[in-house]
file query.cif (mmCIF, C-alpha atoms)
data_my_file
#
loop_
_atom_site.label_atom_id
_atom_site.label_comp_id
_atom_site.auth_asym_id
_atom_site.auth_seq_id
_atom_site.Cartn_x
_atom_site.Cartn_y
_atom_site.Cartn_z
CA MET B 29 0.00 0.00 0.00
CA SER B 30 1.40 3.39 -0.97
CA SER B 31 1.79 5.96 1.78
CA PRO B 32 -0.30 9.14 1.60
CA LEU B 33 1.36 12.27 0.31
CA LEU B 34 2.65 14.50 3.06
CA GLU B 35 1.33 18.03 3.33
CA PRO B 36 3.78 20.67 2.05
CA VAL B 37 5.82 22.22 4.85
CA ILE B 38 5.00 25.92 5.20
CA ASP B 39 7.97 27.77 6.68
CA ILE B 40 7.11 30.85 8.72
CA TYR B 41 9.65 33.21 10.28
CA ILE B 42 8.60 35.15 13.38
CA ALA B 43 10.92 38.00 14.34
CA ASP B 44 10.15 39.89 17.54
CA PRO B 45 12.32 41.03 20.46
CA GLU B 46 9.73 39.78 22.97
CA LYS B 47 9.62 36.02 23.53
CA GLU B 48 6.03 36.19 24.76
CA MET B 49 4.94 37.94 21.57
CA ARG B 50 6.64 35.32 19.42
CA GLN B 51 4.83 32.62 21.37
CA THR B 52 1.50 34.41 20.94
CA VAL B 53 1.95 34.69 17.18
CA ARG B 54 3.06 31.08 16.93
CA GLY B 55 0.04 29.93 18.96
CA THR B 56 -2.36 31.82 16.69
CA LEU B 57 -0.75 30.32 13.60
CA ARG B 58 -1.01 26.81 15.04
CA THR B 59 -4.78 27.19 15.23
CA LEU B 60 -4.68 27.72 11.46
CA LYS B 61 -2.77 24.44 11.00
CA PHE B 62 0.62 26.06 10.44
CA ASN B 63 3.36 24.18 12.28
CA SER B 64 6.83 25.02 10.95
CA PHE B 65 8.39 28.08 12.56
CA GLU B 66 11.74 29.77 13.04
CA GLU B 67 12.05 32.54 15.60
CA PHE B 68 14.40 35.53 15.72
CA ALA B 69 14.99 38.08 18.46
CA ASP B 70 17.28 40.46 16.54
CA ALA B 71 17.67 41.88 13.05
CA GLU B 72 21.17 40.52 12.45
CA SER B 73 20.17 36.88 12.84
CA LEU B 74 17.06 37.43 10.72
CA ARG B 75 19.05 39.09 7.94
CA ASP B 76 21.56 36.25 7.95
CA ARG B 77 18.78 33.66 7.65
CA MET B 78 16.86 35.58 4.98
CA ALA B 79 20.01 35.77 2.86
CA ARG B 80 20.00 32.03 2.29
CA SER B 81 16.46 30.70 2.64
CA TYR B 82 12.95 30.62 1.18
CA PRO B 83 10.43 31.31 3.95
CA ASP B 84 6.80 31.30 2.87
CA LEU B 85 5.88 34.10 5.26
CA LEU B 86 7.79 36.63 7.37
CA ILE B 87 6.24 38.35 10.37
CA ALA B 88 8.70 40.93 11.71
CA ASP B 89 8.55 43.68 14.31
CA PHE B 90 9.52 47.26 13.42
CA ASP B 91 11.64 47.64 16.56
CA LEU B 92 13.70 44.49 16.14
CA PRO B 93 17.10 45.38 17.67
CA GLY B 94 20.34 45.28 15.73
CA GLY B 95 19.28 46.82 12.45
CA ASP B 96 16.77 48.77 10.40
CA VAL B 97 13.95 46.33 9.60
CA CYS B 98 12.33 48.61 7.02
CA LYS B 99 15.64 48.85 5.16
CA MET B 100 15.96 45.06 5.36
CA ILE B 101 12.55 44.63 3.75
CA GLN B 102 13.44 47.14 1.02
CA ASP B 103 16.59 45.10 0.36
CA ILE B 104 14.47 41.96 0.05
CA ARG B 105 12.07 43.63 -2.38
CA THR B 106 14.87 45.06 -4.53
CA ASN B 107 16.52 41.62 -4.72
CA GLU B 108 19.55 42.71 -2.68
CA LEU B 109 18.83 40.25 0.13
CA GLY B 110 17.75 36.65 -0.19
CA PRO B 111 16.65 34.49 -3.11
CA ASN B 112 12.95 35.49 -3.10
CA PRO B 113 12.05 39.21 -3.28
CA PHE B 114 8.34 38.35 -3.38
CA VAL B 115 7.98 36.62 0.00
CA PRO B 116 4.80 37.75 1.84
CA ILE B 117 5.70 40.05 4.75
CA ILE B 118 3.64 41.33 7.67
CA MET B 119 5.16 43.93 9.98
CA THR B 120 4.11 44.57 13.57
CA THR B 121 4.72 47.63 15.74
CA TRP B 122 3.74 49.36 18.95
CA ASN B 123 4.38 52.74 17.28
CA LYS B 124 1.30 54.52 16.04
CA ASP B 125 2.94 57.76 14.92
CA ALA B 126 2.46 58.79 11.30
CA THR B 127 6.18 58.71 10.47
CA THR B 128 6.53 55.08 11.51
CA ILE B 129 3.34 54.04 9.71
CA ARG B 130 4.51 55.74 6.52
CA ARG B 131 7.96 54.11 6.69
CA VAL B 132 6.39 50.68 7.09
CA ILE B 133 3.94 51.18 4.23
CA ASP B 134 6.70 52.51 1.97
CA CYS B 135 9.12 49.62 2.52
CA GLY B 136 7.02 47.03 0.67
CA VAL B 137 5.16 44.98 3.29
CA ASP B 138 1.92 43.14 2.58
CA GLY B 139 0.36 44.29 5.83
CA LEU B 140 0.85 46.21 9.07
CA LEU B 141 -0.41 45.03 12.47
CA LEU B 142 -0.50 47.48 15.36
CA LYS B 143 0.20 46.05 18.81
CA PRO B 144 -1.41 44.86 20.94
CA MET B 145 -2.69 42.81 18.05
CA SER B 146 -5.56 40.35 18.13
CA ALA B 147 -5.62 36.87 16.71
CA GLY B 148 -8.46 37.99 14.47
CA ALA B 149 -6.42 40.81 12.98
CA LEU B 150 -3.53 38.46 12.17
CA MET B 151 -5.90 35.92 10.64
CA LYS B 152 -7.49 38.65 8.50
CA HIS B 153 -4.10 39.68 7.10
CA LEU B 154 -3.25 36.07 6.35
CA GLU B 155 -6.56 35.58 4.58
CA VAL B 156 -5.79 38.50 2.27
CA ILE B 157 -2.37 37.03 1.38
CA LEU B 158 -3.88 33.58 0.82
CA VAL B 159 -6.98 34.61 -1.11
CA ASP B 160 -6.53 38.07 -2.59
CA ARG B 161 -2.93 39.20 -2.30
CA LYS B 162 -2.36 42.56 -3.93
CA ALA B 163 -0.39 42.56 -7.15
CA PHE B 164 3.06 44.17 -7.07
CA ILE B 165 3.74 47.62 -8.43
CA VAL B 166 7.12 49.05 -9.40
CA THR B 167 8.05 52.74 -9.28
CA SER B 168 11.37 54.55 -9.12
CA SER B 169 11.29 54.42 -5.30
CA TYR B 170 9.05 51.46 -4.42
CA ILE B 171 8.68 47.76 -5.15
CA GLY B 172 5.94 45.87 -3.39
CA PRO B 173 2.19 45.25 -3.12
CA ASP B 174 0.07 48.00 -4.66
CA ARG B 175 -0.52 50.64 -1.95
CA ARG B 176 -3.15 52.68 -3.77
CA LYS B 177 -6.36 53.00 -1.80
CA ASP B 178 -8.48 53.44 -4.92
CA PRO B 179 -8.14 50.32 -7.13
CA GLY B 180 -10.06 52.14 -9.85
CA HIS B 181 -7.46 54.90 -10.07
CA LYS B 182 -6.09 54.98 -13.61
CA SER B 183 -2.35 54.58 -13.95
CA ASN B 184 0.16 53.81 -16.67
CA ILE B 185 2.14 51.66 -14.23
CA PRO B 186 1.36 47.95 -14.77
CA LEU B 187 0.52 45.55 -11.95
CA MET B 188 2.45 42.29 -11.61
CA ASP B 189 1.29 38.96 -10.22
CA VAL B 190 4.26 37.49 -8.35
CA PRO B 191 5.01 34.05 -6.85
CA ASN B 192 3.16 33.33 -3.59
CA THR B 193 4.49 30.11 -2.07
CA LEU B 194 2.35 30.58 1.05
CA LYS B 195 -0.82 30.36 -1.03
CA ALA B 196 0.53 27.53 -3.16
CA LYS B 197 1.53 25.36 -0.22
CA LYS B 198 -1.61 26.12 1.78
CA SER B 199 -3.63 24.80 -1.17
CA GLY B 200 -1.61 21.56 -1.09
CA GLN B 201 0.88 22.25 -3.86
CA HIS B 202 4.48 21.13 -3.46
CA VAL B 203 6.90 23.86 -4.51
CA ASP B 204 9.93 22.84 -6.53
CA ILE B 205 12.81 25.19 -5.70
CA GLU B 206 14.36 25.04 -9.18
CA MET B 207 11.03 25.90 -10.79
CA LEU B 208 10.48 28.65 -8.20
CA ASP B 209 13.91 30.12 -8.97
CA ARG B 210 13.05 30.23 -12.68
CA LEU B 211 9.74 31.92 -11.96
CA ILE B 212 11.41 34.43 -9.64
CA ALA B 213 14.06 35.19 -12.28
CA GLU B 214 11.38 35.87 -14.90
CA ASN B 215 9.56 38.22 -12.53
CA ILE B 216 12.79 40.00 -11.61
CA LEU B 217 13.42 40.74 -15.29
CA ASP B 218 9.97 42.34 -15.49
CA VAL B 219 10.59 44.30 -12.27
CA ASN B 220 13.95 45.61 -13.52
CA ALA B 221 12.50 46.61 -16.90
CA GLU B 222 9.67 48.53 -15.23
CA ARG B 223 12.06 50.11 -12.71
CA LEU B 224 14.17 51.40 -15.62
CA ARG B 225 11.10 52.93 -17.26
CA ARG B 226 9.95 54.58 -14.03
CA ASN B 227 13.47 55.86 -13.29
CA ALA B 228 13.76 57.46 -16.73
CA PHE B 229 10.31 58.98 -16.27
CA GLU B 230 11.27 60.39 -12.86
CA ILE B 231 14.35 62.15 -14.23
CA SER B 232 12.21 63.91 -16.84
CA PHE B 233 9.54 64.67 -14.23
CA LEU B 234 12.06 66.24 -11.84
CA LEU B 235 13.61 68.33 -14.59
CA GLY B 236 10.09 69.55 -15.36
CA LEU B 237 10.16 71.06 -11.88
CA ILE B 238 13.82 72.13 -11.71
CA LEU B 239 14.17 74.00 -15.02
CA PRO B 240 11.14 76.28 -14.49
CA ALA B 241 12.36 77.00 -10.94
CA TYR B 242 15.62 78.34 -12.37
CA GLU B 243 13.88 80.21 -15.17
CA GLU B 244 11.53 81.88 -12.68
CA ASP B 245 14.33 82.43 -10.12
CA VAL B 246 12.49 80.49 -7.41
CA VAL B 247 15.05 77.76 -6.67
CA SER B 248 14.82 76.40 -3.12
CA VAL B 249 15.93 73.62 -0.82
CA MET B 250 13.42 71.42 -2.66
CA THR B 251 15.24 72.13 -5.94
CA ARG B 252 18.50 70.99 -4.38
CA LYS B 253 16.81 67.78 -3.18
CA GLN B 254 15.41 67.19 -6.67
CA LEU B 255 18.88 67.54 -8.19
CA HIS B 256 20.21 65.03 -5.67
CA ARG B 257 17.36 62.65 -6.47
CA ILE B 258 18.26 62.76 -10.18
CA ARG B 259 21.79 61.67 -9.27
CA VAL B 260 20.48 58.79 -7.16
CA VAL B 261 18.15 57.63 -9.94
CA SER B 262 20.87 57.95 -12.60
CA ILE B 263 23.16 55.70 -10.56
CA ASP B 264 20.36 53.17 -10.13
CA ILE B 265 19.73 53.08 -13.88
CA SER B 266 23.44 52.53 -14.57
CA SER B 267 23.51 49.55 -12.20
CA ARG B 268 20.41 47.99 -13.78
CA VAL B 269 21.38 48.29 -17.44
CA ARG B 270 24.60 46.31 -17.15
CA GLY B 271 24.41 43.25 -19.38
CA THR B 272 21.04 44.27 -20.85
CA GLU B 273 19.90 45.69 -24.18
CA TYR B 274 20.01 49.12 -22.53
CA ALA B 275 23.71 48.96 -21.61
CA HIS B 276 24.46 51.99 -23.82
CA ILE B 277 22.22 54.11 -21.54
CA SER B 278 24.84 53.84 -18.80
CA ASP B 279 27.05 56.50 -20.43
CA LEU B 280 24.10 58.89 -20.66
CA CYS B 281 23.36 58.34 -16.96
CA LYS B 282 26.97 59.00 -16.05
CA THR B 283 26.75 62.24 -18.02
CA MET B 284 23.52 63.19 -16.25
CA ASN B 285 25.12 62.43 -12.90
CA SER B 286 28.10 64.63 -13.73
CA ILE B 287 25.88 67.48 -14.98
CA THR B 288 23.60 67.52 -11.93
CA LYS B 289 26.63 67.37 -9.64
CA SER B 290 28.07 70.43 -11.37
CA VAL B 291 24.74 72.28 -11.14
CA SER B 292 24.43 71.39 -7.45
CA GLU B 293 27.92 72.63 -6.68
CA SER B 294 27.15 75.99 -8.35
CA PHE B 295 23.58 75.95 -7.18
CA GLU B 296 22.71 79.65 -7.40
CA GLU B 297 24.37 80.20 -10.79
CA PRO B 298 25.00 76.85 -12.49
CA PRO B 299 27.29 76.67 -15.54
CA SER B 300 25.23 77.55 -18.62
CA LYS B 301 26.56 74.59 -20.61
CA ASP B 302 25.60 72.04 -17.94
CA PHE B 303 22.23 73.66 -17.37
CA GLN B 304 21.40 73.51 -21.08
CA LEU B 305 22.52 69.88 -21.40
CA MET B 306 20.21 68.47 -18.74
CA LYS B 307 17.03 68.24 -20.79
CA PRO B 308 18.60 66.78 -23.99
CA VAL B 309 20.38 64.11 -21.93
CA SER B 310 17.18 63.37 -20.03
CA ASP B 311 15.23 63.07 -23.29
CA ALA B 312 17.86 60.67 -24.65
CA ILE B 313 17.62 58.47 -21.55
CA LEU B 314 13.83 58.44 -21.71
CA ALA B 315 13.77 57.62 -25.43
CA GLY B 316 16.48 54.97 -25.10
CA ILE B 317 14.61 53.05 -22.40
CA ASN B 318 11.22 53.50 -24.12
CA PRO B 319 11.98 52.90 -27.81
CA ASP B 320 8.42 51.71 -28.44
CA ARG B 321 6.73 54.90 -27.17
CA SER B 322 6.35 58.19 -29.00
CA ALA B 323 8.03 61.28 -27.60
CA SER B 324 4.72 63.17 -27.63
CA ALA B 325 2.94 60.48 -25.59
CA MET B 326 5.70 60.46 -22.97
CA ALA B 327 5.81 64.26 -22.85
CA SER B 328 2.05 64.33 -22.28
CA GLU B 329 2.31 61.81 -19.43
CA ILE B 330 5.11 63.77 -17.77
CA SER B 331 3.25 67.06 -18.17
CA SER B 332 0.14 65.53 -16.60
CA SER B 333 2.15 64.24 -13.64
CA ILE B 334 3.78 67.62 -13.10
CA SER B 335 0.37 69.34 -13.14
CA THR B 336 -1.01 66.82 -10.64
CA PHE B 337 2.02 67.32 -8.40
CA LYS B 338 1.70 71.12 -8.44
CA ASN B 339 -2.05 70.97 -7.80
CA ARG B 340 -1.52 68.79 -4.74
CA ARG B 341 1.02 71.25 -3.34
CA SER B 342 -1.10 74.33 -3.98
#

call {"tool": "encode", "arguments": {"input": "query.cif", "output": "structure tokens"}}
result
Amino acid sequence: MSSPLLEPVIDIYIADPEKEMRQTVRGTLRTLKFNSFEEFADAESLRDRMARSYPDLLIADFDLPGGDVCKMIQDIRTNELGPNPFVPIIMTTWNKDATTIRRVIDCGVDGLLLKPMSAGALMKHLEVILVDRKAFIVTSSYIGPDRRKDPGHKSNIPLMDVPNTLKAKKSGQHVDIEMLDRLIAENILDVNAERLRRNAFEISFLLGLILPAYEEDVVSVMTRKQLHRIRVVSIDISSRVRGTEYAHISDLCKTMNSITKSVSESFEEPPSKDFQLMKPVSDAILAGINPDRSASAMASEISSSISTFKNRRS
């Protein structure tokens, strides 16, 4: 007689500085028939484990000692830490201040649980991940589940369905690691391609704010921050185009980085040559990464975004 197939093992990591809280979370999960757990009391041990494993769910506390947990999650989402940037993540915290809440939401978690948390609240978050997990969205500064409150809001940014091993295993599927790696690699290619498009768009968007500020003689601290942001984005593009069909864009990004550095260093009266080069270089980056889109369509999208941005600030 053949033996029955074993249920897939669902690996859940619980990271919290308080032992009692880890036990509470584990107890709640046991009632839902989860039974494979690893526990962590500090960020360093969690980061080390995440770097070399495939958990199906991570529940981590914001105040985990020994590191910045939000930064760790951003590193996971940007594929800088661990083999699976799409692992479902729930963060917990005692902090209810707006700054903390915004940091958590912006780092790419699937859900946020405020302490003291109830078993029902945890179960509700798990149900969303298992039944109706939000698709991922990629912008120049964010990779993670779609955060928009209005799902009907029109956007040119595509949504991506990503691997969800928690859902797969909970439904009885056995996950083959080699197949999962291939699926993750395919999704990462899509993420990188979209990140390049959003980065190129952001450079043009920021210049749409910077150039008029100089022309109208209303440069400010915000203008300086926008120049710095262009440098950050240019560096990110250069790192992402290596070994791709867009490798030639790297030189343009290096030029943009050099130009914005020069403008920043002579902030009040930037060199005329550098100032005049910014838009042509930006246009070349945008066109090079979006060869299938017309210049007029992209200009219209950027103009619309700038108008929306200004209206929100007014």

call {"tool": "closest_residue", "arguments": {"input": "query.cif", "among": "B:Ile238, B:Met326, B:Leu34, B:Ile263", "to": "B:Phe295", "atoms": "only C-alpha atoms"}}
result
B:Ile238

call {"tool": "resolve_selection", "arguments": {"input": "query.cif", "expression": "the PyMOL selection byres ((chain B and resi 202-219) around 9)", "output": "list of chain:residue names"}}
result
B:Glu35, B:Pro36, B:Val37, B:Tyr82, B:Thr106, B:Asn107, B:Pro111, B:Asn112, B:Pro113, B:Phe114, B:Ile165, B:Val166, B:Ile171, B:Met188, B:Asp189, B:Val190, B:Pro191, B:Thr193, B:Ala196, B:Lys197, B:Gly200, B:Gln201, B:Asn220, B:Ala221, B:Glu222, B:Arg223, B:Leu224

call {"tool": "closest_residue", "arguments": {"input": "query.cif", "among": "B:Gly172, B:Gly148, B:Pro308, B:Gly316", "to": "B:Met284", "atoms": "all atoms listed in the file"}}
result
B:Pro308

call {"tool": "residues_around", "arguments": {"input": "query.cif", "residues": "B:Ala327", "least_positions_apart": "6", "cutoff": "12 Å", "atoms": "only C-alpha atoms", "output": "list in words"}}
result
Phe229, Ser232, Phe233, Gly236, Ser310, Asp311, Leu314, Ala315, Arg321, Ser333 and Ile334 of chain B

call {"tool": "resolve_selection", "arguments": {"input": "query.cif", "expression": "the PyMOL selection byres ((chain B and resi 57-67) around 7)", "output": "ChimeraX atom specification"}}
result
/B:37-43,53-56,68-69

call {"tool": "closest_residue", "arguments": {"input": "query.cif", "among": "B:Ile133, B:Ile185, B:Leu141, B:Ile317", "to": "B:Glu329", "atoms": "all atoms listed in the file"}}
result
B:Ile185

call {"tool": "atom_distance", "arguments": {"input": "query.cif", "atom1": "atom CA of B:Lys307", "atom2": "atom CA of B:Asn339"}}
result
23.2 Å

call {"tool": "atom_distance", "arguments": {"input": "query.cif", "atom1": "atom CA of B:Ile118", "atom2": "atom CA of B:Val137"}}
result
5.9 Å

call {"tool": "closest_residue", "arguments": {"input": "query.cif", "among": "B:Leu194, B:Ala228, B:Leu85, B:Leu92", "to": "B:Glu72", "atoms": "all atoms listed in the file"}}
result
B:Leu92

call {"tool": "atom_distance", "arguments": {"input": "query.cif", "atom1": "atom CA of B:Asn123", "atom2": "atom CA of B:Ile104"}}
result
22.7 Å

call {"tool": "closest_residue", "arguments": {"input": "query.cif", "among": "B:Val156, B:Ala275, B:Val247, B:Ile330", "to": "B:Pro298", "atoms": "all atoms listed in the file"}}
result
B:Val247
